[in-house]
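Just below is one structure, and these are the notes that go with it.
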Amino acid sequence: GESVGLHLPTLSVQEGDNSIINCAYSNSASDYFIWYKQESGKGPQFIIDIRSNMDKRQGQRVTVLLNKTVKHLSLQIAATQPGDSAVYFCAENLIQGAQKLVFGQGTRLTINP
Amino acid sequence: DTGVSQDPRHKITKRGQNVTFRCDPISEHNRLYWYRQTLGQGPEFLTYFQNEAQLEKSRLLSDRFSAERPKGSFSTLEIQRTEQGDSAMYLCASSLTLYEQYFGPGTRLTVT
């Protein structure tokens, strides 16, 4: 039978455009957040993280924004490239609690040439 | 390659058989984690070690599952009497601090 889990939210962007991937997290007490990139058949690859005492953090071509009021996290990728095609997951953690990342559903990013 | 390594990368087994997976963390990372990922879903936490001590276990880790990290370096995850529902990607991650977790390539288990 068909698996609902196969229907990941999908974002399609033109090569060179900026991408914004959104994530709603579940635990208002979470104080640490990570974005991972996962290519087919591979393990999740760390992209960028942010602690709850910040609302913005920038890396190379990527920016993460955190809005604790509405429990929302976003990943912005500048000048999207074909190599950015992957599934992107946000994950949350409560640093002083149980040591486990709780992952969101994931978004499939597709780059159009 | 100094990343997390996992072995085997793929395992096909018949229902009822036992399987064991190995994870070698990044050198000097004292924290090690096991996750399970099914198709189209994000990874789900299974268990956590700090050095050789197993400090956290998920309810997902039934009594057929056991994990060890005997010398605080590599870890093994064993599944006894495998069931078709155990088919998934088993991911290992390691970290030096409470923060960044780095994942290995995973072991894909198929139970027939």
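Quick note on naming: the chains in the structure tokens go A, B, ... in the order shown, residues restart at 1 in each chain, and ligands are numbered from 1 in order of appearance.
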
TODO: Specify as a ChimeraX atom specification all residues of chain A found within 12 Å of chain B, counting only C-alpha atoms.
DONE: /A:2-10,31-51,87-108

Please save N, CA and C atoms of the selected residues as a compact mmCIF listing (two decimals), in the first residue's frame.
```txt
# COMPACT_ATOMS: atom_id res chain seq x y z
N GLU A 2 0.24 2.35 -0.25
CA GLU A 2 0.98 3.62 -0.34
C GLU A 2 1.31 4.10 1.06
N SER A 3 2.50 4.60 1.22
CA SER A 3 2.92 5.13 2.51
C SER A 3 2.77 6.64 2.52
N VAL A 4 2.04 7.16 3.50
CA VAL A 4 1.90 8.61 3.61
C VAL A 4 3.26 9.25 3.79
N GLY A 5 4.15 8.53 4.47
CA GLY A 5 5.45 9.11 4.75
C GLY A 5 6.25 9.42 3.51
N LEU A 6 5.89 8.82 2.34
CA LEU A 6 6.66 9.07 1.13
C LEU A 6 6.37 10.46 0.58
N HIS A 7 5.28 11.07 0.98
CA HIS A 7 4.89 12.35 0.40
C HIS A 7 5.49 13.48 1.23
N LEU A 8 6.79 13.67 1.02
CA LEU A 8 7.47 14.76 1.69
C LEU A 8 7.04 16.07 1.08
N PRO A 9 6.93 17.13 1.87
CA PRO A 9 6.76 18.45 1.28
C PRO A 9 7.92 18.71 0.33
N THR A 10 7.61 19.34 -0.78
CA THR A 10 8.61 19.56 -1.82
C THR A 10 8.72 21.03 -2.15
N ASP A 31 16.08 23.90 23.26
CA ASP A 31 17.00 25.04 23.28
C ASP A 31 18.14 24.90 22.29
N TYR A 32 18.05 23.92 21.43
CA TYR A 32 19.11 23.74 20.44
C TYR A 32 18.49 23.14 19.19
N PHE A 33 18.91 23.64 18.04
CA PHE A 33 18.30 23.26 16.78
C PHE A 33 19.37 23.06 15.72
N ILE A 34 19.16 22.05 14.87
CA ILE A 34 20.12 21.75 13.81
C ILE A 34 19.38 21.54 12.51
N TRP A 35 20.00 21.93 11.42
CA TRP A 35 19.54 21.58 10.09
C TRP A 35 20.50 20.54 9.50
N TYR A 36 19.90 19.49 8.93
CA TYR A 36 20.66 18.46 8.24
C TYR A 36 20.22 18.36 6.79
N LYS A 37 21.17 17.97 5.94
CA LYS A 37 20.91 17.69 4.54
C LYS A 37 21.10 16.19 4.33
N GLN A 38 20.15 15.54 3.68
CA GLN A 38 20.31 14.10 3.44
C GLN A 38 20.10 13.79 1.97
N GLU A 39 21.14 13.30 1.35
CA GLU A 39 21.06 12.84 -0.04
C GLU A 39 20.67 11.37 -0.06
N SER A 40 20.14 10.95 -1.17
CA SER A 40 19.61 9.60 -1.29
C SER A 40 20.67 8.55 -0.94
N GLY A 41 20.33 7.65 -0.03
CA GLY A 41 21.23 6.56 0.33
C GLY A 41 22.35 6.94 1.27
N LYS A 42 22.33 8.17 1.78
CA LYS A 42 23.39 8.63 2.67
C LYS A 42 22.83 9.03 4.02
N GLY A 43 23.70 9.16 5.00
CA GLY A 43 23.29 9.64 6.30
C GLY A 43 23.11 11.15 6.29
N PRO A 44 22.40 11.69 7.28
CA PRO A 44 22.22 13.14 7.37
C PRO A 44 23.56 13.86 7.54
N GLN A 45 23.69 14.96 6.83
CA GLN A 45 24.92 15.76 6.88
C GLN A 45 24.65 17.07 7.60
N PHE A 46 25.42 17.36 8.64
CA PHE A 46 25.26 18.59 9.41
C PHE A 46 25.45 19.81 8.52
N ILE A 47 24.51 20.77 8.61
CA ILE A 47 24.64 22.01 7.84
C ILE A 47 24.96 23.17 8.77
N ILE A 48 24.05 23.43 9.72
CA ILE A 48 24.20 24.58 10.59
C ILE A 48 23.34 24.36 11.83
N ASP A 49 23.75 24.96 12.94
CA ASP A 49 22.96 24.84 14.16
C ASP A 49 22.73 26.22 14.77
N ILE A 50 21.82 26.27 15.74
CA ILE A 50 21.54 27.53 16.42
C ILE A 50 21.04 27.21 17.82
N ARG A 51 21.47 28.00 18.77
CA ARG A 51 21.00 27.84 20.15
C ARG A 51 19.87 28.82 20.40
N VAL A 87 16.99 16.06 0.69
CA VAL A 87 15.94 16.24 1.68
C VAL A 87 16.58 16.97 2.88
N TYR A 88 15.91 17.98 3.37
CA TYR A 88 16.41 18.78 4.48
C TYR A 88 15.54 18.54 5.71
N PHE A 89 16.20 18.24 6.81
CA PHE A 89 15.51 18.00 8.07
C PHE A 89 15.94 19.03 9.10
N CYS A 90 14.97 19.52 9.88
CA CYS A 90 15.33 20.25 11.08
C CYS A 90 15.24 19.28 12.25
N ALA A 91 16.00 19.54 13.28
CA ALA A 91 15.98 18.71 14.47
C ALA A 91 16.10 19.61 15.69
N GLU A 92 15.45 19.20 16.78
CA GLU A 92 15.47 19.97 18.02
C GLU A 92 15.99 19.10 19.15
N ASN A 93 16.52 19.77 20.17
CA ASN A 93 17.04 19.05 21.33
C ASN A 93 16.88 19.91 22.56
N LEU A 94 16.74 19.24 23.68
CA LEU A 94 16.75 19.91 24.98
C LEU A 94 18.08 19.54 25.62
N ILE A 95 19.02 20.47 25.59
CA ILE A 95 20.41 20.14 25.91
C ILE A 95 20.58 19.54 27.30
N GLN A 96 19.85 20.04 28.26
CA GLN A 96 20.01 19.50 29.61
C GLN A 96 19.03 18.38 29.91
N GLY A 97 18.34 17.94 28.91
CA GLY A 97 17.39 16.84 29.11
C GLY A 97 17.91 15.56 28.48
N ALA A 98 17.01 14.75 28.00
CA ALA A 98 17.38 13.51 27.32
C ALA A 98 18.21 13.85 26.09
N GLN A 99 19.31 13.17 25.91
CA GLN A 99 20.21 13.48 24.82
C GLN A 99 19.73 12.82 23.54
N LYS A 100 18.76 13.43 22.90
CA LYS A 100 18.26 12.90 21.64
C LYS A 100 17.77 14.04 20.78
N LEU A 101 18.04 13.93 19.49
CA LEU A 101 17.49 14.87 18.53
C LEU A 101 16.11 14.38 18.11
N VAL A 102 15.16 15.31 18.03
CA VAL A 102 13.84 15.00 17.52
C VAL A 102 13.73 15.68 16.15
N PHE A 103 13.54 14.87 15.13
CA PHE A 103 13.55 15.35 13.76
C PHE A 103 12.16 15.72 13.27
N GLY A 104 12.10 16.75 12.44
CA GLY A 104 10.88 17.10 11.74
C GLY A 104 10.68 16.21 10.55
N GLN A 105 9.64 16.50 9.77
CA GLN A 105 9.24 15.63 8.68
C GLN A 105 10.22 15.65 7.52
N GLY A 106 10.84 16.75 7.24
CA GLY A 106 11.74 16.83 6.10
C GLY A 106 11.09 17.50 4.91
N THR A 107 11.90 18.19 4.13
CA THR A 107 11.46 18.85 2.90
C THR A 107 12.41 18.46 1.79
N ARG A 108 11.83 18.05 0.65
CA ARG A 108 12.67 17.69 -0.50
C ARG A 108 12.89 18.93 -1.35
```

Task: Residues of chain A in strand (DSSP E), written as number ranges by chain - done: A: 10-14, 19-24, 32-38, 45-51, 56-58, 62-67, 72-77, 86-93, 102-103, 107-112

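Rounded to one decimal, CA of Asp86 (chain B) and CA of Ala24 (chain A) lie 28.2 Å from each other.
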
Open item on the list: Which residues are near Leu109 (chain B)? Cut-off 7 Å, only C-alpha atoms, ignore same chain within fewer than 3 positions. Put them as a PyMOL selection string.
Closed with: chain B and resi 10-12+87-89

Task: Point-to-point distance from CA of Asp63 (chain B) to CA of Ser75 (chain B), Å rounded to tenths - done: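 If I compute the distance from CA of Asp63 (chain B) to CA of Ser75 (chain B), I get 17.7 Å.
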
Open item on the list: Can you tell me which residues surround region 61-72 of chain A at a distance of at most 8 Å, considering only C-alpha atoms, apart from same-chain residues fewer than 6 positions away, and format the answer as a list of chain:residue names?
Closed with: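 What passes the distance filter is A:Asn22, A:Cys23, A:Ala24, A:Tyr25, A:Ser26, A:Asn27, A:Ser28, A:Ile48, A:Asp49, A:Ile50, A:Ser52, A:Met54, A:Asp55, A:Ala78, A:Ala79.
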
Go ahead and write the residues just picked, N, CA and C atoms, as a PDB file, in the first residue's frame.
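Listing of out_6.pdb after writing:
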```pdb
ATOM      1  N   ASN A  22      11.163  25.749   5.602  1.00  0.00           N
ATOM      2  CA  ASN A  22      10.572  26.045   6.893  1.00  0.00           C
ATOM      3  C   ASN A  22      10.368  24.796   7.729  1.00  0.00           C
ATOM      4  N   CYS A  23      10.324  24.994   9.025  1.00  0.00           N
ATOM      5  CA  CYS A  23      10.133  23.884   9.956  1.00  0.00           C
ATOM      6  C   CYS A  23       9.430  24.405  11.202  1.00  0.00           C
ATOM      7  N   ALA A  24       8.409  23.671  11.633  1.00  0.00           N
ATOM      8  CA  ALA A  24       7.751  23.964  12.900  1.00  0.00           C
ATOM      9  C   ALA A  24       8.215  22.927  13.902  1.00  0.00           C
ATOM     10  N   TYR A  25       8.752  23.350  15.025  1.00  0.00           N
ATOM     11  CA  TYR A  25       9.193  22.373  16.020  1.00  0.00           C
ATOM     12  C   TYR A  25       8.154  22.211  17.109  1.00  0.00           C
ATOM     13  N   SER A  26       8.313  21.158  17.889  1.00  0.00           N
ATOM     14  CA  SER A  26       7.200  20.747  18.746  1.00  0.00           C
ATOM     15  C   SER A  26       7.334  21.139  20.221  1.00  0.00           C
ATOM     16  N   ASN A  27       8.558  21.202  20.719  1.00  0.00           N
ATOM     17  CA  ASN A  27       8.753  21.374  22.155  1.00  0.00           C
ATOM     18  C   ASN A  27       9.213  22.799  22.473  1.00  0.00           C
ATOM     19  N   SER A  28       8.368  23.556  23.152  1.00  0.00           N
ATOM     20  CA  SER A  28       8.720  24.937  23.460  1.00  0.00           C
ATOM     21  C   SER A  28       9.929  25.037  24.385  1.00  0.00           C
ATOM     22  N   ILE A  48      24.054  23.429   9.723  1.00  0.00           N
ATOM     23  CA  ILE A  48      24.203  24.584  10.594  1.00  0.00           C
ATOM     24  C   ILE A  48      23.335  24.359  11.829  1.00  0.00           C
ATOM     25  N   ASP A  49      23.747  24.959  12.937  1.00  0.00           N
ATOM     26  CA  ASP A  49      22.957  24.839  14.160  1.00  0.00           C
ATOM     27  C   ASP A  49      22.729  26.217  14.767  1.00  0.00           C
ATOM     28  N   ILE A  50      21.817  26.271  15.737  1.00  0.00           N
ATOM     29  CA  ILE A  50      21.540  27.531  16.418  1.00  0.00           C
ATOM     30  C   ILE A  50      21.039  27.213  17.819  1.00  0.00           C
ATOM     31  N   SER A  52      19.095  28.547  21.430  1.00  0.00           N
ATOM     32  CA  SER A  52      17.860  29.306  21.630  1.00  0.00           C
ATOM     33  C   SER A  52      18.096  30.742  22.074  1.00  0.00           C
ATOM     34  N   MET A  54      19.799  32.765  20.449  1.00  0.00           N
ATOM     35  CA  MET A  54      20.038  33.501  19.219  1.00  0.00           C
ATOM     36  C   MET A  54      18.785  33.429  18.362  1.00  0.00           C
ATOM     37  N   ASP A  55      18.617  34.383  17.448  1.00  0.00           N
ATOM     38  CA  ASP A  55      17.503  34.281  16.514  1.00  0.00           C
ATOM     39  C   ASP A  55      17.978  34.188  15.062  1.00  0.00           C
ATOM     40  N   ALA A  78      21.369  30.501  -0.102  1.00  0.00           N
ATOM     41  CA  ALA A  78      21.582  31.532  -1.124  1.00  0.00           C
ATOM     42  C   ALA A  78      22.138  30.909  -2.400  1.00  0.00           C
ATOM     43  N   ALA A  79      21.704  31.466  -3.541  1.00  0.00           N
ATOM     44  CA  ALA A  79      22.231  31.052  -4.841  1.00  0.00           C
ATOM     45  C   ALA A  79      22.249  29.533  -4.972  1.00  0.00           C
TER      46      ALA A  79
END
```

Task: Atomic separation - CA of Arg59 (chain B) relative to CA of Gln80 (chain B), Å - done: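 Distance reported for this atom pair: 16.4 Å.
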